[in-house]
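Student: What follows is a structure written as structure tokens; I'll ask about it next.
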Amino acid sequence: MTWRPILRFHTLAPASVALAAFLALAGVPITSAQGPILFTAHLNGVLPVDAPFDPAWDGVRPVDVALSGQPVVPPMLLDPAFPSVRVRAVENGEQFAVLLEWSDPTLDDSVLAVDSFADAAAMQVALGTGTSICMGQQAGALNIWHWKADWAADLAGRRNLEDVHPEMPTDEHFPATDDLGPDGFLTGTQAGNTRSATTLASSVEDLNAVGFGSLTPQPSDRQNVHGASEYRADVWRVVMSRDLLTSDPNDAVLRPGDAAAVVAFALWDGSRGDRDGQKSVSTWLSFVVSQPAADLSDTWPFLVMVLLVIAMSGLLMYYGARQPAIGLGGPGARMEHQDGG
Amino acid sequence: MTHDLAGRLARWLLIALAVDLLLTRVLVRLAIFVPKGEPWASVGAILGRIGAATDALVLIFAVLLLLALLIRSGHAGGWAERALLVGVGVLAAGGVVLLFSAPPPTVALGLDLLVVVIAMATGLRLARQSGIPALARGGLVVLAAAVAIAGLSHAFDAWGAIAGLSDVWKAPSTLILGVVGQLTFVVGAGLTGLAGVICLRRSPQGASRPIALGSLVAAAMLAAAVFAPATFGALAIWGVGLSGAVAAVFVAFSAGLSVAGLPALHRIAPRAAVGSAIVLLSGYGLAASGLVLAGMLGLFIAAQPSSQRH
């Protein structure tokens, strides 16, 4: 048997196209991400989830993630408010925490005035492969963790319209019954809208999306992302944390040792009027929750792969050495003829 | 026909990359603007499948080209060439394993450093390649440096994950490397294209048409950058990995030079032209494993000595 018929180009080209079409139709991915990777660092003991400026964070090498504007859908942001965000991620075998750090000369933590907007930060993790970075799509959902500076401030002490407009006239609340509290009937609150909640459990909202206009908060009993933040010397540091494993299928899978997921980040600058889609965004970044005790044995798939490649390369070269008539030309046997005129 | 199998595969890889750039990296991503209702949703889904097929085709052609080059190196290559090709093979297989397994930081660092080593070694081979016009040779060496810088940038992140908690070792910010790398990539593209444009003076077919085409491309890109800067920026990131570190005017000028000059360079140094076109279409620092492999192969093809026996 000879390999020559198989190696003929007019056999290979259509077969390659057919194989590519089959793989695409079957939804089998064959390309992976070999770009920058955000690795989690393993910390022993309790993670500094409530202390964004804890020295333990400074021992974790950050990844600087470049940000650009969001020019796709209104409200757009053509020039990013921030050039980059510095990201650190840690886990202790039970919990995962990510620290976002960026410089912002203004602290914006209130949305009570009509023209005021709050600083915010978000991390989105794709729940599958091939997911659109633009809020996902029907066949590829996202889990989004959205930290809000106004929620963080409200956690310390809830503010109300009276705090912004102390002299404002107060209408009679309807219905003015004792069981509804001093604000009376609040439609959003009664509907369970997390943004209207009078008490907040966290400064981070746990959301899902499957495309533009589909952003949906998870039910209040599944809001399981903890937030902590601190603004110091024109720098925001925000920690978002969660248990590594949850039972919610809409939560990002953070299982140590799993294949790389993809993650992206976004920042909002309240003083520039950033809100909704008006934000500074990153592109996808590979994200790996490392095994707590990664050692040489964890690299076995790659070591096996290296050995296989070396063996296969040797065989191919041996085959090539014994087939002087085939030669295969290099990328331009015909090019050579052209060289010679 | 078997005599120039690798050459044909290189050209098909080039075509697949061009289609991938226009379709997968630009058109499919623009499909997010398509309304979500039917029939547009189905059109978007079909586009997505075609994009995925093109993405796969790039990797398939790249792997076939790698196999063909490995066989050829057994017949006519030196040890350095064989070692480089095995390194490219490890890189390709690493991309496959990443589909199923999370890389420990040591493995990620190894793969990133492999990119750096292969790009630098190929750059050295290119620098000694006398069959390529000096300016094009310089451009290709700069392109190899850009690929190495992209790999180095990723390697720093991986090393940071290993060094991690011992804050003794501080690497430079990858943002700075990104700026340097993008600038290097654009300069390399411009130099290679310029070498071709200079060759046009000796072309019997004349220089007016290629220069007109290159000027048209540059003008279109400039117009897009002026009148739709955000969309231009997004497409530059998605398409070729340029995240705005280099001014649009330089990117447009460089692209125009490449479009005008590479066909002319192809007549004098075909391998250099095909190889550099593959590197350029693979983009700067894009993460898809097929594009990483294609970029490596593009450099390797450009560095093939023209006197090599077939």
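Residues in the structure tokens are named by chain (A, B, ... in the order shown) and by number from 1 within that chain; ligands are numbered from 1 in the order shown.
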Would you please extract all helix (DSSP H, G or I) residues from range 34-170 of chain B, as assigned by DSSP on the backbone, and give them as a PyMOL selection string?

Tutor: chain B and resi 40-76+79-97+105-127+134-163

Student: Save out the residues we just selected, C-alpha atoms, as a CSV table (one decimal), in the first residue's frame.

Tutor:
chain,number,residue,atom,x,y,z
B,40,TRP,CA,-32.7,36.8,11.1
B,41,ALA,CA,-32.0,34.6,14.1
B,42,SER,CA,-31.6,31.6,11.7
B,43,VAL,CA,-29.4,33.6,9.4
B,44,GLY,CA,-27.2,34.5,12.4
B,45,ALA,CA,-27.1,30.8,13.4
B,46,ILE,CA,-26.1,29.7,9.9
B,47,LEU,CA,-23.4,32.3,9.8
B,48,GLY,CA,-22.1,31.1,13.1
B,49,ARG,CA,-21.9,27.5,11.8
B,50,ILE,CA,-20.0,28.7,8.7
B,51,GLY,CA,-17.7,30.6,10.9
B,52,ALA,CA,-17.0,27.6,13.1
B,53,ALA,CA,-16.3,25.5,10.0
B,54,THR,CA,-13.8,28.1,8.7
B,55,ASP,CA,-12.2,28.2,12.1
B,56,ALA,CA,-11.8,24.4,12.1
B,57,LEU,CA,-10.6,24.5,8.5
B,58,VAL,CA,-7.7,26.8,9.4
B,59,LEU,CA,-6.6,24.3,12.1
B,60,ILE,CA,-7.0,21.3,9.7
B,61,PHE,CA,-5.0,22.9,6.9
B,62,ALA,CA,-2.3,24.0,9.5
B,63,VAL,CA,-2.0,20.5,10.8
B,64,LEU,CA,-1.8,19.0,7.3
B,65,LEU,CA,0.8,21.6,6.4
B,66,LEU,CA,2.8,20.7,9.6
B,67,LEU,CA,2.6,17.0,8.7
B,68,ALA,CA,3.8,17.7,5.1
B,69,LEU,CA,6.7,19.8,6.4
B,70,LEU,CA,7.6,17.1,8.9
B,71,ILE,CA,7.8,14.5,6.1
B,72,ARG,CA,9.7,16.8,3.9
B,73,SER,CA,12.2,17.7,6.6
B,74,GLY,CA,12.9,13.9,7.0
B,75,HIS,CA,14.0,14.0,3.4
B,76,ALA,CA,15.7,17.4,3.0
B,79,TRP,CA,18.4,19.1,12.5
B,80,ALA,CA,17.5,22.6,13.4
B,81,GLU,CA,14.6,22.6,11.1
B,82,ARG,CA,13.4,19.2,12.4
B,83,ALA,CA,13.7,20.4,16.0
B,84,LEU,CA,11.7,23.5,15.2
B,85,LEU,CA,9.0,21.5,13.5
B,86,VAL,CA,8.7,19.1,16.4
B,87,GLY,CA,8.4,22.2,18.7
B,88,VAL,CA,5.6,23.5,16.5
B,89,GLY,CA,4.0,20.0,16.7
B,90,VAL,CA,4.1,20.1,20.5
B,91,LEU,CA,2.5,23.5,20.4
B,92,ALA,CA,-0.3,22.2,18.1
B,93,ALA,CA,-0.9,19.2,20.3
B,94,GLY,CA,-0.9,21.4,23.4
B,95,GLY,CA,-3.8,23.3,21.8
B,96,VAL,CA,-5.7,20.1,21.5
B,97,VAL,CA,-5.1,19.0,25.1
B,105,PRO,CA,0.8,27.2,35.1
B,106,THR,CA,4.0,25.3,34.4
B,107,VAL,CA,2.5,23.8,31.2
B,108,ALA,CA,1.1,27.2,30.1
B,109,LEU,CA,4.5,28.7,30.7
B,110,GLY,CA,6.2,25.9,28.7
B,111,LEU,CA,3.9,26.4,25.8
B,112,ASP,CA,4.3,30.2,25.9
B,113,LEU,CA,8.1,29.9,26.1
B,114,LEU,CA,8.0,27.4,23.2
B,115,VAL,CA,6.3,30.1,21.1
B,116,VAL,CA,9.0,32.6,22.1
B,117,VAL,CA,11.8,30.1,21.3
B,118,ILE,CA,10.4,29.0,17.9
B,119,ALA,CA,9.7,32.6,16.9
B,120,MET,CA,13.2,33.8,17.9
B,121,ALA,CA,14.9,30.8,16.3
B,122,THR,CA,12.9,31.3,13.1
B,123,GLY,CA,13.7,35.0,13.2
B,124,LEU,CA,17.4,34.1,13.3
B,125,ARG,CA,17.0,31.8,10.3
B,126,LEU,CA,15.2,34.6,8.5
B,127,ALA,CA,18.0,37.0,9.2
B,134,ALA,CA,16.9,42.8,2.6
B,135,LEU,CA,14.0,45.0,3.5
B,136,ALA,CA,11.5,42.1,3.4
B,137,ARG,CA,14.0,40.1,5.5
B,138,GLY,CA,14.1,42.8,8.0
B,139,GLY,CA,10.3,43.0,8.0
B,140,LEU,CA,10.0,39.3,8.6
B,141,VAL,CA,12.5,39.4,11.4
B,142,VAL,CA,10.4,42.2,13.0
B,143,LEU,CA,7.3,40.1,12.5
B,144,ALA,CA,9.0,37.1,14.2
B,145,ALA,CA,9.9,39.5,17.1
B,146,ALA,CA,6.2,40.5,17.4
B,147,VAL,CA,5.2,36.9,17.6
B,148,ALA,CA,7.9,36.3,20.3
B,149,ILE,CA,6.7,39.3,22.3
B,150,ALA,CA,3.1,38.1,22.2
B,151,GLY,CA,4.3,34.7,23.6
B,152,LEU,CA,6.5,36.5,26.1
B,153,SER,CA,3.6,38.5,27.3
B,154,HIS,CA,1.6,35.4,28.0
B,155,ALA,CA,4.6,33.7,29.6
B,156,PHE,CA,4.9,36.5,32.1
B,157,ASP,CA,1.3,35.9,33.2
B,158,ALA,CA,1.9,32.2,33.5
B,159,TRP,CA,5.2,32.8,35.4
B,160,GLY,CA,3.3,35.2,37.7
B,161,ALA,CA,0.9,32.4,38.5
B,162,ILE,CA,3.9,30.1,39.4
B,163,ALA,CA,5.9,32.8,41.3

Student: Hey, what's within 8 Å of Leu17 in chain B if we count only C-alpha atoms and toss same-chain stuff fewer than 5 positions away? As a list in words, please?

Tutor: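 Result of the neighbour search: Val58, Ile278, Leu281 and Ser282 of chain B.
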
Student: Residues within 9 Å of Gly211 in chain A, please, as a tab-separated table (two decimals) with C-alpha atoms, in the first residue's frame. Count only C-alpha atoms; anything in the same chain fewer than 2 positions from it doesn't count.

Tutor:
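Final output, saved to part_18.tsv:
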chain	number	residue	atom	x	y	z
A	132	SER	CA	-20.48	35.65	22.36
A	134	CYS	CA	-21.60	40.58	23.89
A	135	MET	CA	-23.91	39.35	26.66
A	136	GLY	CA	-23.87	35.78	25.35
A	137	GLN	CA	-26.42	34.23	23.02
A	138	GLN	CA	-29.28	31.73	23.13
A	140	GLY	CA	-24.31	30.16	25.15
A	141	ALA	CA	-25.31	31.71	28.46
A	142	LEU	CA	-23.24	33.86	30.78
A	209	ALA	CA	-27.71	36.63	30.20
A	213	GLY	CA	-31.80	42.61	26.59
A	214	SER	CA	-31.85	39.32	28.45
A	215	LEU	CA	-29.94	40.28	31.61
B	32	ILE	CA	-24.68	40.37	16.88
B	36	LYS	CA	-33.11	38.37	17.38

Student: Nearest residue to chain B out of A:Pro166, A:Pro256, A:Pro219, A:Gly273, using only C-alpha atoms?

Tutor: A:Pro256

Student: Just the number, please: distance in Å from CA of Met76 in chain A to CA of Thr231 in chain B, one decimal.

Tutor: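 Atom-to-atom, CA of Met76 in chain A to CA of Thr231 in chain B, that is 10.9 Å.
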
Student: One decimal, in Å: what's the spacing between CA of Val251 in chain B and CA of Thr131 in chain A?

Tutor: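 These atoms are spaced 28.6 Å apart.
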
Student: I need the residue nearest chain B from this list: A:Ala13, A:Leu23, A:Met317, A:Val125. Use only C-alpha atoms for the distance.

Tutor: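 Using only C-alpha atoms, chain B sits closest to A:Met317.
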
Student: Hey, what's within 9 Å of Ser203 in chain A if we count only C-alpha atoms and toss same-chain stuff fewer than 2 positions away? As an NGL selection string, please?

Tutor: :A and (146-155 or 200-201 or 205 or 225-229 or 240)

Student: Rank A:Asp221, A:Asp258, A:Asp50, A:Asp276 by their smallest atom-to-atom distance to chain B, using only C-alpha atoms, and report the top residue only.

Tutor: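 Of A:Asp221, A:Asp258, A:Asp50, A:Asp276, the one nearest chain B is A:Asp258, counting only C-alpha atoms.
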
Student: Could you state the separation of CA of Leu186 in chain A and CA of Ala113 in chain A in Å, given to one decimal place?

Tutor: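 Spanning CA of Leu186 in chain A to CA of Ala113 in chain A is a straight-line distance of 18.0 Å.
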
Student: From the DSSP assignment of the backbone, select every residue of range 73-126 of chain A that is strand (DSSP E or B), and format the answer as a list in words.

Tutor: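 The residues of range 73-126 of chain A classed as strand (DSSP E or B) are Leu77, Ser84, Val85, Arg86, Val87, Arg88, Ala89, Val90, Glu91, Gln95, Phe96, Ala97, Val98, Leu99, Leu100, Glu101, Trp102, Ser103, Ala120, Ala121, Ala122, Met123, Gln124, Val125 and Ala126 of chain A.
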